[in-house]
Structures are given as C-alpha cells and as structure tokens.
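A.B. asks: This is the structure, below, for whatever I ask next.
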Amino acid sequence: MIALLEFLYNNFIIISVVLFTLVTTLVLTRIFWKEFFFNKKLKFKQNVLRNFNSFRLKKSSLKSIAIIFVLITVPVVFIFAFVRSPIAYDDHIHHLSSKSDVSNIHASYHSKFYSMTLQSVEQEDADAILQEQYETRTIFGDNIDFVTQTSDDNIIVANQTEINIVENDDNTLRILETIVPNLEGTTIQGVFVTSDSLFVIAQPVFNGNIADLETYKPYTLVFQYNMDTYEQDQVYTFSGSAIQIDRQGDYLVIISDHFIPFDSENFDLDNHKPFYVKGSTVFEEDYSNMVYIEGTEPTNYFTTFMLDLSDGIVETKTALTHHDHQAMIGNNAVYISAKSYSFKMASDYMELSNPVEQERVSITKFSFDHRGLNYFRTRMLSGQVLENGLIVDDQLIMLFIDNLEGTSTVFRFNDRLDMFHRVEVGNIDSIKGYHHQDDILLIKTTAYNIRLFDVSLPTELHLYDPPYILDYPQNIFYDNESNLALNLNINEDKIHIVPYDYEDGLLRELESRITRSTYRQIQIGRFYDVRNPQFIASNNTLLLPLIGDDEYDGASIFVTKVLTYQWDAQDRVFEHNNTLSLPYSIHETNPFIYRMISTEDLYYHITPRGMALQLTDEPELHSYVIFD
Amino acid sequence: MFKLKVPKEDRARIRNKLKIIDSKKYQYVITTDKDAVESDKINIVFSEDQAEKVNRMLDSIVKGEDVFISVEGEEGIKNIESRRIHYFIIENEEVVAILMKEKFIVKMKLYELEEMLGNKYFIRVSKYALVNINKIDYIKPAFNSKLLLLMKNGDRVEVNRRYYKAFKNTLNL
C-alpha cells in the first residue's frame, strides 16, 4: 500500500496535474474572453445599425466562467493546502522574526518528516526528553570549580551551601569570611573570581521524579559579590538546562537547552521562551534574536547567555534546533552540532516512507567578543556526528563524523569554520573522552582504545598509528620535557597509574606501575575526578588522593589519604615517599572531592569541608581549618 | 456613422432619446448647437423637442430603403424584404434564404447577393453562407479557431477560418 502511494504521489503526476490544470484554465479563459469580446462587438454593431439590443452573457458563458473559476481554484487550493511558503535560508540559517516563524518551521518540518505516519513527540517521549535534559549535569569549564584563588593568594572554597574565604597567615590557615547566599533551594556548583568580584554559580537539582516534570524548571543562578566588602552586588538567573558553563576572558558563558513540548496540552509558545533575570527584572528572548538551523528538527531552544563580568551586561542568542545535539564553548565562541536532514522534493505533502534525501551534520558557530554575541556561520557535512564527536577548545575545532559507509572521518576547522583538514580514522562508534595537552590530542574511542593525534601543525591533523590499547584509561596526562605519559585508570577497587615513555606519538609502558586499593569504589568510579591526582612536573612529584581507613576512638573510619610519589626521571620509576591522612572532619565522601594547590614551599589539600596546609619538606600537616 | 455634439450635461439624456452610438469614423454630425457644425460632414441641427422626428430620420438614414429579394416558395415567386432574412445558404447547389420560420429558394448566386447586400448588414461568413448581422443572437467561439453564430431563429451558422478576419473587422467597424 505504501509503495502504491509512493507511486501515485510521485513528482511527475503532481506536476502533470498542475500543468494540465493551468493549460486547461488558460485555453478556457482565452475562449471565454473571445466569446465575451465578440458578443460585445456584435451588440455594439447591431446598436450602430439601430437594431437595439443589450449585451448579456448567455447561460453557457456563465457556465464557462464557473468552470474556469473551479479550474483556477484547484491549483490555488492545492498550493495553499499543501505548499507552505518556503523557509528562506541564508547559508543554512533562517533568521526568525516572530512567534509565527517558530510555528511555521515546526509545521513545515513536521509535514516533511512525519508525513507518513503522523508521528509526533508524544507526551511520553516529551517527558523522557525533559527528564534527560533535567538530569544532565552541567559541564563546568576549567576556570570554574569549587576552589579558586584570589589575586592576593586567598583561597575560596565552596561547598553546597556556603563559600569560605581562607587566608594563609604566616603558614597558619584562617577563615576570613563565610558567605551564605540566598540559594532558594539550589546548591552551589562552582565559584570563580575577577579582580573585584566573586561569582558563585548555583543550580537546582532535579530529583528524578517524573511527576515533578511539569513544575520543575531548571535554571542557573549567578551571584556576584564585592571582593572587598563581601556584599552581594547582583544576582542573575538564566533559564534552561545548562549544558556547559565556562568563563572565557571577561565573559561568563552559559549554554542551555529549553525543550519545546509542542504537543502538550494548552501549549503556548510564549510560555517557553528563554529568559534571564537581572536583579528583579525579567528579560525574555526576542524571536528576532533567534535563528533556525536548516534541516534540524525544531524541538528545542538552544540559548547562549553571555554575561560581561565587567559591566553586568547580558547578551543572548538562540538557535531553534533539535534537542539532541552536541555543543561546546571554546575559543571565544559557542559551537553546536546537530543532525540535519535535506528532504526529498515536495516531501511535505507526499506520503513518502523515507522523505530524507540526505543525512547531514550541521556545525554552527556563535562568536562573542567586545562587539557582542553574534551568529557567525553554519556548515553542513554529510553523515552522522559520532557521540561526543564535537571537540572544541581554545586551539581546536574538530568534528568526528560517521560517513555511513562503515568508516569515520575527523574534520578540523579553522576559526571561520572552514574545513581545512580531514583524516580517515577507521570504524569508530563514539568518542568516550579526549585530552588535549600541548601538541597532542588523545581520543578515547572505547574503554581500552586511544588514538593519538599530532595537532601541532595549524593546517594539518596527523593520526599516529596504530591505536593504543590501555587498561580503562580514565585520563592521560603527560609531560613533554620528561617524556612521561601517565595513564590513570580505575579498575574494580583499585586505582592504577601506569607510566609510559612517550616520544613522537609512541608510548612504551614502563614497569613502575602504581596500584592502590581504595574504598567506596562505586563512588570512586562515578566521582573520581581527573583533577584529583596531580603530577607536579617542576619537582617530579605525583600526589594521589585515595579513600583509606583509619581508626578514631577505637572505631574504623574512612579518611582522605594523600600519597606522595617521587618520579625518578633517570631510572624511570616512581618511589612512594609519604602518606598523609587528612583529618576526618575535612574528609568529603559524598561525592569524594579533593583539590590540591601547590606552591614551591607548600601544598594546600582542599575538600568542601575543610582545608589543610602541608609544607613540602614536612610529611605532616602544618595547619588546617574546618568549614562548619 | 454619427457624431453627437451637444453640451456635456445634456449628452446622456439626448443620446438616450436618439439612441445614437458615436462612431470614430462618422459622416453625420448631430447637434443642438449650430456653431458645432463641421463643414466636411453632413450636419443635422435640431432642438431637443424634435428628438422623436430626428430619431426616425436617423433610422431611415441607417436602414435606408429596404431591398426586396425575389424568392421562390411553395406559393410561387414573391418578393420579401431583405431585413427579414436571417441568412442565405447554399443547399443542394441552390441558394436558400432562411427566415424566422420559413425558407425560400433564391434564383441568384451567393456572390451576387453579397454584392447587392454587402453594403447593408449582410456579411459573408463562409463559401456557403451570407448572414444578416442583425439576426445574429450570439457568437460562440469554438476550439478550432472557428466561430459559431447562433441565429435568432435558433439555427447555427459557422464562420469559416478564411472569413474569420473579415468578420472580426466588420464587427469592429
């Protein structure tokens, strides 16, 4: 039946019907006009001959008019019924101007893609999408963490509910100030400082209860405090499920999703517009500030909020695109990649079982600088983007694409989104993680496989071969000077640090592997942050925090233990030279969080519950404070 | 044929009374103003209260004296006024005059009739037919660039492609 419909609804028949109607209309109109013209002349002539008659059309003529009217009406109705005004794209992008543009784009896409079965995002699907959006944790850039340091070397530590500013007074730690923001049910996610302000980022946490989907609304709060007085200067609210938050120079950039449940009851598009609140003033996103990325399913507002940290001005830009996308902030820009379809001709009114002409990957850039936040460009490539296939940082813009022929290709772009190099990378299903350091990009393709790329050349992309098989690489960090690469992996209840000689893309495993048991392995597996262990290249020291056991008042308790290893660059081995137990009161297990800040003379061991100071030449703690 | 030259405000009323259709090419000037006469035309100057007489005069100018045609019917030969004839047509190699309900054989060639009546209100529409314009009720174009004339007596006469242009020109005056 479907095949028959496809046969009937083919372009030739449609075009033939329209042409036949037009030609018939033309011929009949000409005949009718001649009839009208001749009879008018006839009556005139008869009147001149003083044979007086009034001109009137005969019934047959009126019938002709009716036929012509019907014939003209057929294609007009046909066109109005099935052919919507086309969406005009300017280099793959459509600039919106009104609410109706959003509705039209949605209807147009819907009529193309779902013409066969009238599928739609049903309520169950909509709930699942919403739940996934709400549960996705925000990725914070490297400049935003729960620990930060001020220009006068004070250390700011946040936990879920408060912020403590700690100073080192002659190697004795002292809490200068404790700030308790009015969090309104949110929890603190990170802090950062500028020269005169402290910024605190907080978000509500979705409880995973599907019954709360209608009432729960995700947002991000940003508190701004004066660094001299610790008074709150301003508070901002940014709507949506934040995907990533990063500080880029003088700007705080938040990218967030707002799923649009078109099929829900009492749906009103105006109720789903992105917005931000500054103080008590609400600023809704204007439709004229939105763009639609060609061929993407318009189910989501992807909004970039750019807060100028120096003057508090917020700029926004929104892309109407699919909710399932990949987006990253980097290099003074926001990049988003989403699946895009090009459709078969007239597929919006033909019931095709497969209306898709070509599957494409769109990559769109929004740039920001002192001139503001602006849409920059969109590129289209054929294929499907791999999971986590968009990689962006301050030096790289890359896209891993499955070309749908059994192999994958990585594309490298320049700032103008011009693709300048591509490398075939074989059959890769997804990207599990990446690490870019100096000239080397490591791509983790499975639980065991990594690929090394040389990205030193700005115009090329060199893939080292063969791929390396490592044990559960959680992260790899390396030091060019000492030719040392370290693979941190977590396997069952153990943490492993595996050293490699590294040179020109070649890894050779060394025998000096560090293997330590740890407790709460499930939590470790989920929350062990790659920022926890640190290799300090300046003095060849590795600090590895673990959860260990200790005794307190005769009972067994968990504590944070920090193991110190010295790297012997000559013999290529690690030597364990100290184990430090942090006081139980500053041990944080839920989740396990530890950060370390080092100077030439001392280490700060930091958790959200407290902070300890250790002199590098002493095995024991020198001073510590607890955040009550 | 006529050109009506009267004050603008009186024009519609007088034209209605005289039933005058202005022509671009005219030989007669009909006017209520003696100063409006044109020297190279035939001028009729009248006052409005004489409109009825003028109207009859115009009728006789246009229609002129009727031409009688000798026809042969069941009752023998008789003369009938040409204005009563709807059309002439050749049937069985004879010229037949068709009237409202009757038809008569005419002992003349069709081209002779055309010469005799062509300057009145008859027009040749095909090799076989000569039609009285005043007796055409309606013109119906056909798909094949022909015209079909629906006569007042209900008959249909075809305008041949060869005579199409001449027919059109005659209507255009």
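In the structure tokens, each chain is lettered A, B, ... as it comes, each chain's residues begin at 1, and ligands are numbered from 1 in order of appearance.
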Restrict the distance test to only C-alpha atoms, flag each residue of chain B within 8 Å of chain A, and return the flagged residues as a list in words.

C.D. replies: Met1, Lys19, Ile20, Ile21, Asp59, Val62, Lys63, Tyr121, Ile133, Asn134, Tyr138, Ile139, Lys140, Pro141, Ala142, Phe143, Lys168, Leu171, Asn172 and Leu173 of chain B

A.B. asks: Would you export the selected residues with N, CA and C atoms as an mmCIF file, in the first residue's frame, please?

C.D. replies:
```
data_model
loop_
_atom_site.group_PDB
_atom_site.id
_atom_site.type_symbol
_atom_site.label_atom_id
_atom_site.label_comp_id
_atom_site.auth_asym_id
_atom_site.auth_seq_id
_atom_site.Cartn_x
_atom_site.Cartn_y
_atom_site.Cartn_z
ATOM 1 N N MET B 1 -20.812 56.134 -37.810
ATOM 2 C CA MET B 1 -21.641 56.821 -38.770
ATOM 3 C C MET B 1 -22.052 58.209 -38.269
ATOM 4 N N LYS B 19 -30.936 57.400 -29.362
ATOM 5 C CA LYS B 19 -30.335 56.068 -29.472
ATOM 6 C C LYS B 19 -29.131 56.102 -30.410
ATOM 7 N N ILE B 20 -28.292 57.099 -30.212
ATOM 8 C CA ILE B 20 -27.132 57.274 -31.090
ATOM 9 C C ILE B 20 -25.908 56.581 -30.473
ATOM 10 N N ILE B 21 -25.208 55.855 -31.307
ATOM 11 C CA ILE B 21 -23.913 55.305 -30.916
ATOM 12 C C ILE B 21 -22.862 56.078 -31.704
ATOM 13 N N ASP B 59 -33.106 56.568 -38.229
ATOM 14 C CA ASP B 59 -33.450 55.182 -38.605
ATOM 15 C C ASP B 59 -33.421 55.018 -40.115
ATOM 16 N N VAL B 62 -29.881 55.089 -41.592
ATOM 17 C CA VAL B 62 -29.108 53.858 -41.378
ATOM 18 C C VAL B 62 -29.700 52.719 -42.192
ATOM 19 N N LYS B 63 -30.987 52.505 -42.069
ATOM 20 C CA LYS B 63 -31.597 51.341 -42.700
ATOM 21 C C LYS B 63 -31.881 51.572 -44.185
ATOM 22 N N TYR B 121 -26.343 45.140 -44.189
ATOM 23 C CA TYR B 121 -25.989 44.467 -42.939
ATOM 24 C C TYR B 121 -25.756 42.979 -43.120
ATOM 25 N N ILE B 133 -26.359 40.470 -40.012
ATOM 26 C CA ILE B 133 -25.766 40.762 -38.698
ATOM 27 C C ILE B 133 -26.847 40.992 -37.638
ATOM 28 N N ASN B 134 -27.912 41.646 -38.051
ATOM 29 C CA ASN B 134 -28.967 41.963 -37.085
ATOM 30 C C ASN B 134 -29.715 40.724 -36.596
ATOM 31 N N TYR B 138 -26.098 35.365 -30.936
ATOM 32 C CA TYR B 138 -24.947 35.149 -30.051
ATOM 33 C C TYR B 138 -23.818 34.542 -30.843
ATOM 34 N N ILE B 139 -22.603 34.882 -30.442
ATOM 35 C CA ILE B 139 -21.433 34.314 -31.120
ATOM 36 C C ILE B 139 -20.729 33.382 -30.144
ATOM 37 N N LYS B 140 -20.467 32.178 -30.596
ATOM 38 C CA LYS B 140 -19.856 31.180 -29.706
ATOM 39 C C LYS B 140 -18.531 30.724 -30.316
ATOM 40 N N PRO B 141 -17.418 31.088 -29.720
ATOM 41 C CA PRO B 141 -16.132 30.615 -30.264
ATOM 42 C C PRO B 141 -15.997 29.106 -30.066
ATOM 43 N N ALA B 142 -15.338 28.464 -31.022
ATOM 44 C CA ALA B 142 -15.085 27.031 -30.894
ATOM 45 C C ALA B 142 -13.589 26.816 -30.668
ATOM 46 N N PHE B 143 -13.187 25.564 -30.313
ATOM 47 C CA PHE B 143 -11.789 25.265 -30.009
ATOM 48 C C PHE B 143 -10.874 25.428 -31.228
ATOM 49 N N LYS B 168 -14.435 39.647 -38.132
ATOM 50 C CA LYS B 168 -13.974 40.395 -36.957
ATOM 51 C C LYS B 168 -13.870 41.890 -37.287
ATOM 52 N N LEU B 171 -17.243 43.606 -37.395
ATOM 53 C CA LEU B 171 -17.774 43.911 -36.056
ATOM 54 C C LEU B 171 -17.067 45.104 -35.437
ATOM 55 N N ASN B 172 -15.776 45.223 -35.756
ATOM 56 C CA ASN B 172 -15.005 46.338 -35.187
ATOM 57 C C ASN B 172 -15.388 47.668 -35.797
ATOM 58 N N LEU B 173 -16.070 47.547 -36.953
ATOM 59 C CA LEU B 173 -16.447 48.755 -37.667
ATOM 60 C C LEU B 173 -15.219 49.567 -38.090
#
```

A.B. asks: Write out as a ChimeraX atom specification each polymer residue whose atoms come within 10 Å of Ser103 of chain A, counting only C-alpha atoms; drop sequence neighbours fewer than 4 positions from it.

C.D. replies: /A:98-99,107-109,262,269,298

A.B. asks: Need to verify the contact set: Glu91 of chain B, 10 Å, only C-alpha atoms, exclusion of same-chain residues closer than 6 positions in sequence. Can you return it as a ChimeraX atom specification?

C.D. replies: /B:105,128-129

A.B. asks: Store the residues of this selection in a file with C-alpha atoms, as a short mmCIF file (atom, residue, chain, number, x, y, z; two decimals), in the first residue's frame.

C.D. replies:
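File produced: part.cif:
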```cif
data_model
loop_
_atom_site.label_atom_id
_atom_site.label_comp_id
_atom_site.auth_asym_id
_atom_site.auth_seq_id
_atom_site.Cartn_x
_atom_site.Cartn_y
_atom_site.Cartn_z
CA ILE B 105 -35.04 29.33 -52.90
CA TYR B 128 -21.74 28.77 -48.49
CA ALA B 129 -23.33 31.41 -46.25
#
```

A.B. asks: Any chance you could list, as a VMD selection string, the residues in segment 80-307 of chain A that come up alpha helix (DSSP H) when DSSP is run on the backbone?

C.D. replies: chain A and resid 80 to 82 99 to 113 123 to 135

A.B. asks: At a cut-off of 12 Å, using only C-alpha atoms, what residues contact Ala211 of chain A? Leave out same-chain residues fewer than 5 positions from it and give the result as a JSON list (two decimals) with C-alpha atoms, in the first residue's frame.

C.D. replies:
```
[["chain", "number", "residue", "atom", "x", "y", "z"],
["A", 127, "ASP", "CA", 8.63, 13.55, 29.36],
["A", 128, "ALA", "CA", 11.63, 11.33, 28.65],
["A", 130, "LEU", "CA", 12.60, 16.61, 29.58],
["A", 131, "GLN", "CA", 13.80, 14.19, 32.24],
["A", 206, "PHE", "CA", 16.18, 17.62, 39.70],
["A", 216, "TYR", "CA", 10.31, 21.73, 37.91]]
```
